[in-house]
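Shown next: upload14.cif, containing mmCIF, C-alpha atoms.
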data_run
loop_
_atom_site.label_atom_id
_atom_site.label_comp_id
_atom_site.auth_asym_id
_atom_site.auth_seq_id
_atom_site.Cartn_x
_atom_site.Cartn_y
_atom_site.Cartn_z
CA MET A 234 11.65 62.04 48.55
CA ALA A 235 8.04 60.85 48.18
CA ASP A 236 6.45 60.68 44.74
CA SER A 237 4.49 63.95 44.19
CA LYS A 238 2.16 62.49 41.51
CA ASN A 239 -1.46 62.05 42.57
CA PRO A 240 -3.38 58.83 41.93
CA ASP A 241 -5.01 60.18 38.74
CA GLN A 242 -1.65 61.06 37.24
CA VAL A 243 -0.33 57.59 38.09
CA ARG A 244 -3.29 55.90 36.38
CA GLN A 245 -2.88 58.12 33.31
CA HIS A 246 0.82 57.33 33.16
CA ARG A 247 0.16 53.59 33.40
CA ALA A 248 -2.54 53.87 30.71
CA ALA A 249 -0.09 55.60 28.41
CA LEU A 250 2.53 52.93 28.99
CA LEU A 251 -0.04 50.20 28.31
CA LYS A 252 -1.23 51.93 25.13
CA ALA A 253 2.35 52.20 23.92
CA HIS A 254 2.91 48.53 24.73
CA TRP A 255 -0.10 47.34 22.71
CA ALA A 256 0.81 49.61 19.85
CA LYS A 257 4.26 48.09 19.80
CA GLU A 258 2.77 44.55 19.91
CA ALA A 259 0.38 45.35 17.05
CA LYS A 260 3.24 46.63 14.94
CA ALA A 261 5.28 43.52 15.69
CA GLU A 262 2.32 41.31 14.80
CA ARG A 263 1.85 43.06 11.47
CA ARG A 264 5.54 42.54 10.76
CA ARG A 265 5.29 38.84 11.64
CA LYS A 266 2.33 38.38 9.25
CA VAL A 267 4.25 40.02 6.44
CA LEU A 268 7.23 37.77 7.07
CA VAL A 269 5.04 34.65 7.28
CA GLY A 270 3.33 35.56 4.02
CA ALA A 271 6.62 36.09 2.29
CA GLY A 272 7.92 32.86 3.77
CA ALA A 273 4.88 30.95 2.51
CA LEU A 274 5.39 32.25 -1.01
CA THR A 275 9.02 31.28 -0.81
CA ALA A 276 8.09 27.84 0.52
CA VAL A 277 5.64 27.29 -2.34
CA ALA A 278 8.34 28.19 -4.82
CA VAL A 279 10.84 25.93 -3.08
CA VAL A 280 8.38 23.01 -2.92
CA GLY A 281 7.49 23.48 -6.57
CA GLY A 282 11.15 23.36 -7.47
CA LEU A 283 11.70 20.26 -5.35
CA VAL A 284 8.73 18.48 -6.93
CA THR A 285 10.04 19.29 -10.37
CA LEU A 286 13.48 18.04 -9.39
CA ALA A 287 12.00 14.89 -7.86
CA LEU A 288 10.04 14.13 -11.02
CA ILE A 289 13.21 14.50 -13.06
CA GLN A 290 15.34 12.37 -10.75
CA ASP A 291 12.62 9.92 -9.65
CA PRO A 292 9.86 9.72 -12.27
CA PRO A 293 6.38 8.52 -11.25
CA PRO A 294 5.66 4.76 -11.28
CA GLN A 295 4.81 3.12 -14.58
CA ALA A 296 1.19 2.58 -15.46
CA ARG A 297 0.12 -1.03 -14.93
CA GLU A 298 -0.31 -1.64 -18.63
CA ASP A 299 3.23 -0.44 -19.34
CA ILE A 300 4.95 -2.87 -16.96
CA GLU A 301 6.61 -5.73 -18.84
CA ILE A 302 7.45 -8.95 -16.99
CA ALA A 303 9.74 -11.55 -18.50
CA GLY A 304 8.14 -14.98 -18.61
CA LEU A 305 4.66 -13.71 -17.80
CA GLN A 306 1.78 -15.89 -18.94
CA THR A 307 -1.75 -14.54 -19.37
CA PHE A 308 -5.00 -16.42 -19.91
CA GLU A 309 -8.26 -15.16 -21.37
CA GLY A 310 -11.91 -16.14 -21.16
CA LEU A 311 -11.94 -17.63 -17.66
CA SER A 312 -15.29 -18.23 -16.01
CA ALA A 313 -16.08 -16.54 -12.70
CA ASN A 314 -19.03 -18.75 -11.73
CA HIS A 315 -19.54 -20.05 -8.21
CA VAL A 316 -19.67 -23.81 -7.78
CA SER A 317 -20.04 -26.20 -4.85
CA THR A 318 -17.88 -29.00 -6.24
CA PRO A 319 -14.11 -29.40 -6.76
CA VAL A 320 -12.73 -27.80 -9.94
CA ASP A 321 -10.21 -29.36 -12.30
CA TYR A 322 -8.10 -26.33 -13.21
CA GLU A 323 -5.91 -26.20 -16.30
CA GLN A 324 -3.22 -24.14 -14.54
CA SER A 325 -1.38 -25.15 -11.38
CA PRO A 326 -1.76 -23.04 -9.33
CA PRO A 327 -4.97 -21.84 -10.96
CA VAL A 328 -5.32 -18.25 -12.16
CA GLY A 329 -9.10 -17.97 -12.30
CA GLY A 330 -12.17 -19.85 -13.40
CA GLU A 331 -15.05 -21.40 -11.50
CA HIS A 332 -14.58 -21.23 -7.76
CA ALA A 333 -16.16 -21.67 -4.34
CA SER A 334 -18.70 -19.16 -3.08
CA ALA A 335 -16.55 -18.47 0.02
CA TRP A 336 -13.29 -16.66 -0.61
CA LEU A 337 -10.09 -17.50 1.23
CA ASN A 338 -9.00 -14.87 3.71
CA CYS A 339 -5.78 -13.28 2.54
CA GLY A 340 -2.76 -13.89 4.75
CA VAL A 341 0.23 -16.11 5.39
CA TYR A 342 -0.33 -19.87 5.55
CA THR A 343 2.02 -22.68 6.51
CA GLU A 344 -0.13 -25.34 4.84
CA PRO A 345 -1.46 -25.59 1.27
CA VAL A 346 -4.67 -23.65 0.71
CA PRO A 347 -7.75 -24.85 -1.19
CA ASN A 348 -7.70 -23.88 -4.86
CA GLU A 349 -11.39 -23.09 -5.17
CA ASN A 350 -11.44 -20.62 -2.27
CA THR A 351 -8.14 -19.00 -3.24
CA VAL A 352 -9.34 -18.40 -6.80
CA HIS A 353 -12.24 -16.47 -5.26
CA ALA A 354 -9.64 -14.28 -3.50
CA LEU A 355 -8.00 -13.71 -6.89
CA GLU A 356 -11.39 -12.59 -8.16
CA HIS A 357 -11.26 -9.84 -5.53
CA GLY A 358 -7.87 -8.61 -6.74
CA ALA A 359 -5.56 -10.60 -4.49
CA ALA A 360 -2.20 -12.02 -5.55
CA TRP A 361 -1.46 -15.66 -4.76
CA VAL A 362 2.21 -16.36 -4.02
CA ALA A 363 2.81 -20.09 -3.93
CA TYR A 364 6.18 -21.63 -3.07
CA ASP A 365 7.70 -25.09 -3.11
CA PRO A 366 8.36 -25.98 0.55
CA GLU A 367 11.08 -28.39 -0.59
CA ALA A 368 12.93 -25.70 -2.54
CA LEU A 369 12.85 -22.79 -0.06
CA THR A 370 14.26 -22.60 3.45
CA GLN A 371 12.30 -20.87 6.18
CA GLU A 372 14.69 -17.94 5.90
CA GLN A 373 13.90 -17.66 2.20
CA VAL A 374 10.17 -17.87 2.92
CA ASN A 375 10.56 -15.03 5.43
CA ALA A 376 12.40 -12.96 2.81
CA LEU A 377 9.60 -13.64 0.35
CA ARG A 378 7.01 -12.53 2.89
CA THR A 379 8.95 -9.31 3.50
CA ALA A 380 8.90 -8.56 -0.23
CA LEU A 381 5.08 -8.68 -0.38
CA PRO A 382 2.33 -6.25 0.67
CA ASP A 383 0.53 -6.92 3.96
CA THR A 384 -2.92 -7.06 2.38
CA TYR A 385 -4.56 -8.74 -0.61
CA VAL A 386 -1.88 -11.44 -0.74
CA VAL A 387 -2.10 -15.16 -0.09
CA LEU A 388 1.30 -16.67 0.71
CA ALA A 389 1.27 -20.44 1.06
CA PRO A 390 3.21 -23.61 0.21
CA TYR A 391 2.13 -25.55 -2.87
CA GLU A 392 3.17 -29.08 -3.67
CA GLY A 393 4.48 -30.01 -7.11
CA LEU A 394 5.50 -26.59 -8.45
CA ASP A 395 7.79 -26.50 -11.47
CA SER A 396 9.60 -23.46 -9.98
CA PRO A 397 10.45 -22.49 -6.41
CA ILE A 398 7.95 -19.60 -6.48
CA VAL A 399 4.89 -18.98 -8.63
CA LEU A 400 2.94 -15.71 -8.48
CA SER A 401 -0.64 -15.73 -9.70
CA ALA A 402 -3.36 -13.15 -10.17
CA TRP A 403 -6.61 -13.33 -12.08
CA GLN A 404 -5.64 -14.47 -15.61
CA ALA A 405 -1.90 -13.94 -15.05
CA GLN A 406 1.05 -15.95 -13.73
CA VAL A 407 4.84 -15.86 -13.56
CA ALA A 408 7.37 -18.29 -12.12
CA VAL A 409 10.57 -17.12 -10.38
CA ASP A 410 13.46 -18.77 -8.61
CA SER A 411 14.04 -16.59 -5.54
CA ALA A 412 12.64 -13.86 -3.31
CA GLU A 413 15.23 -11.46 -4.74
CA ASP A 414 13.86 -11.72 -8.29
CA GLU A 415 12.82 -8.25 -9.48
CA ARG A 416 9.80 -9.75 -11.22
CA ILE A 417 8.09 -10.18 -7.84
CA GLN A 418 7.87 -6.42 -7.40
CA GLN A 419 6.92 -6.01 -11.05
CA PHE A 420 4.11 -8.53 -10.72
CA VAL A 421 2.80 -6.89 -7.54
CA ALA A 422 2.90 -3.46 -9.19
CA LYS A 423 0.99 -4.74 -12.21
CA TYR A 424 -1.56 -7.12 -10.71
CA TRP A 425 -1.98 -6.48 -6.97
CA GLN A 426 -5.56 -5.19 -6.52
CA SER A 427 -5.75 -4.96 -10.29
CA PRO A 428 -8.83 -3.29 -11.76
CA ASP A 429 -8.83 -6.12 -14.32
CA ALA A 430 -9.98 -8.64 -11.70
CA PRO A 431 -13.72 -9.38 -11.89
CA GLU A 432 -14.43 -7.85 -8.47
CA PRO A 433 -11.49 -5.53 -7.63
CA GLY A 434 -11.55 -4.15 -4.11
CA ALA A 435 -14.02 -6.71 -2.76
CA ALA A 436 -13.16 -8.05 0.68
CA CYS A 437 -10.17 -10.28 1.31
CA THR A 438 -11.16 -10.82 4.95
CA GLY A 439 -14.36 -12.12 6.51
CA GLY A 440 -14.28 -15.26 4.39
CA LEU A 441 -12.68 -18.64 5.02
CA ASP A 442 -9.57 -19.29 7.13
CA ALA A 443 -7.82 -22.40 5.85
CA PRO A 444 -5.65 -24.50 8.22
CA GLY A 445 -2.18 -23.14 8.92
CA ARG A 446 -2.95 -19.43 8.80
CA VAL A 447 -0.35 -17.57 10.89
CA ALA A 448 -0.88 -13.94 9.83
#

Structure rendered as structure tokens:
Amino acid sequence: MADSKNPDQVRQHRAALLKAHWAKEAKAERRRKVLVGAGALTAVAVVGGLVTLALIQDPPPQAREDIEIAGLQTFEGLSANHVSTPVDYEQSPPVGGEHASAWLNCGVYTEPVPNENTVHALEHGAAWVAYDPEALTQEQVNALRTALPDTYVVLAPYEGLDSPIVLSAWQAQVAVDSAEDERIQQFVAKYWQSPDAPEPGAACTGGLDAPGRVA
């Protein structure tokens, strides 16, 4: 049998169905918003609880001044003047003092780096990690490199060290025997980009590349 509804009735019927559909969608949307809001509140509470738990189980890092390093030596009253002549440093490697006007670019070197330019890098907050090439194998040097940050570090061989590895920052120095020594991480945490350097945060690129730079 043919449908007896006229075109107007069909349009009205379709309009009613459409109205009911959108009403149903609007109701569902309101319900979703309520659930999302409740979920957000729950998430905030959960995150707050997790943060509290994390602080209890994994407390925040120590402040720089609270980090104690066995065998650490510190030096006061070092000049930060620029000079154009070689400097006879009291420490070896040096930990500050008069230095060249061009800083050494931070990075990994396979040859000894010039003291005067490297001290300028220390002035900018870099850490200088010197190692005895006769005491460390290449594998140990690679392990040492892995233990260090990628920036604001000069890693280079240094002839005549009293220890296999010597870490220096402006006015501070510690000697260690291996790349596994926990004092390496302690020294980095305390002195890497230290605000106590004369010019912390100044560039450690755009200066001088010494021979043997590989990274």

Checklist line | Chain and number of each residue from the PyMOL selection byres ((chain A and resi 409-424) around 7), as a list in words | finding: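 Applied to this file, the PyMOL selection byres ((chain A and resi 409-424) around 7) selects Arg297, Ile300, Ile302, Gln373, Ala376, Leu377, Ser396, Pro397, Ile398, Val399, Ala402, Val407, Ala408, Trp425, Gln426 and Ser427 of chain A.
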
I need the chosen residues saved as a compact mmCIF listing (two decimals), in the coordinates of the input, with C-alpha atoms.
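Contents of result_35.txt, freshly written:
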# COMPACT_ATOMS: atom_id res chain seq x y z
CA ARG A 297 0.12 -1.03 -14.93
CA ILE A 300 4.95 -2.87 -16.96
CA ILE A 302 7.45 -8.95 -16.99
CA GLN A 373 13.90 -17.66 2.20
CA ALA A 376 12.40 -12.96 2.81
CA LEU A 377 9.60 -13.64 0.35
CA SER A 396 9.60 -23.46 -9.98
CA PRO A 397 10.45 -22.49 -6.41
CA ILE A 398 7.95 -19.60 -6.48
CA VAL A 399 4.89 -18.98 -8.63
CA ALA A 402 -3.36 -13.15 -10.17
CA VAL A 407 4.84 -15.86 -13.56
CA ALA A 408 7.37 -18.29 -12.12
CA TRP A 425 -1.98 -6.48 -6.97
CA GLN A 426 -5.56 -5.19 -6.52
CA SER A 427 -5.75 -4.96 -10.29

Counting only C-alpha atoms, which residues of range 388-425 of chain A sit at most 6 Å from some atom of range 361-368 of chain A, and what is each one's closest atom pair with its distance in Å to one decimal, listed by chain and rising residue number, as a Markdown table?
| residue | atom | partner | partner_atom | distance |
| --- | --- | --- | --- | --- |
| A:Leu388 | CA | A:Val362 | CA | 4.8 |
| A:Ala389 | CA | A:Ala363 | CA | 5.2 |
| A:Pro390 | CA | A:Tyr364 | CA | 4.8 |
| A:Tyr391 | CA | A:Asp365 | CA | 5.6 |
| A:Leu394 | CA | A:Asp365 | CA | 6.0 |
| A:Pro397 | CA | A:Asp365 | CA | 5.0 |
| A:Ile398 | CA | A:Tyr364 | CA | 4.3 |
| A:Val399 | CA | A:Ala363 | CA | 5.3 |
| A:Leu400 | CA | A:Val362 | CA | 4.6 |
| A:Ser401 | CA | A:Trp361 | CA | 5.0 |

Next item on the list: Go ahead and compute the interatomic distance for CA of Ala296 in chain A and CA of Ala430 in chain A, in Å to one decimal.
Entry: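 Atom-to-atom, CA of Ala296 in chain A to CA of Ala430 in chain A, that is 16.3 Å.
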
Next item on the list: Could you jot down the CA of Asp442 in chain A to CA of Asp383 in chain A separation for me, Å, one decimal place?
Entry: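 These two atoms are separated by 16.3 Å.
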
Check: Using only C-alpha atoms, which of A:Thr351, A:Thr379, A:Asn338, A:Thr370 sits nearest Pro326 in chain A?
Finding: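 The closest residue to Pro326 in chain A is A:Thr351.
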
Notebook entry, point to check: Residues picked by the PyMOL selection byres ((chain A and resi 446) around 9) here, as a PyMOL selection string?
Noted result: chain A and resi 340-344+389+442-445+447-448

Take the residues from that selection and put them in a file with C-alpha atoms, as a PDB file, in the coordinates of the input.
ATOM      1  CA  GLY A 340      -2.760 -13.890   4.750  1.00  0.00           C
ATOM      2  CA  VAL A 341       0.230 -16.110   5.390  1.00  0.00           C
ATOM      3  CA  TYR A 342      -0.330 -19.870   5.550  1.00  0.00           C
ATOM      4  CA  THR A 343       2.020 -22.680   6.510  1.00  0.00           C
ATOM      5  CA  GLU A 344      -0.130 -25.340   4.840  1.00  0.00           C
ATOM      6  CA  ALA A 389       1.270 -20.440   1.060  1.00  0.00           C
ATOM      7  CA  ASP A 442      -9.570 -19.290   7.130  1.00  0.00           C
ATOM      8  CA  ALA A 443      -7.820 -22.400   5.850  1.00  0.00           C
ATOM      9  CA  PRO A 444      -5.650 -24.500   8.220  1.00  0.00           C
ATOM     10  CA  GLY A 445      -2.180 -23.140   8.920  1.00  0.00           C
ATOM     11  CA  VAL A 447      -0.350 -17.570  10.890  1.00  0.00           C
ATOM     12  CA  ALA A 448      -0.880 -13.940   9.830  1.00  0.00           C
TER      13      ALA A 448
END

Next item on the list: List the residues matched by the PyMOL selection byres ((chain A and resi 348) around 8) in the displayed structure as a ChimeraX atom specification, ordered by chain and then by residue number.
Entry: /A:326-327,332,346-347,349-352

Name the residues in contact with Ala313 in chain A at a cut-off of 9 Å, using only C-alpha atoms, excluding same-chain residues fewer than 6 positions from it; report them as a tab-separated table (two decimals) with C-alpha atoms, keeping the file's coordinate frame.
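Dumped to out_3.tsv:
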chain	number	residue	atom	x	y	z
A	329	GLY	CA	-9.10	-17.97	-12.30
A	330	GLY	CA	-12.17	-19.85	-13.40
A	331	GLU	CA	-15.05	-21.40	-11.50
A	332	HIS	CA	-14.58	-21.23	-7.76
A	353	HIS	CA	-12.24	-16.47	-5.26
A	356	GLU	CA	-11.39	-12.59	-8.16
A	431	PRO	CA	-13.72	-9.38	-11.89

Notebook entry, point to check: If you measure from CA of Leu441 in chain A to CA of Trp336 in chain A, what distance in Å do you get, rounded to one decimal?
Noted result: 6.0 Å

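The smallest atom-to-atom distance between Ala354 in chain A and any of A:Val387, A:Leu381, A:Ala405, A:Leu305, using only C-alpha atoms, is found for A:Val387.
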
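Residue nearest His357 in chain A, chosen from A:Ala335, A:Ser325, A:Pro294, A:Gly434 and counting only C-alpha atoms: A:Gly434.
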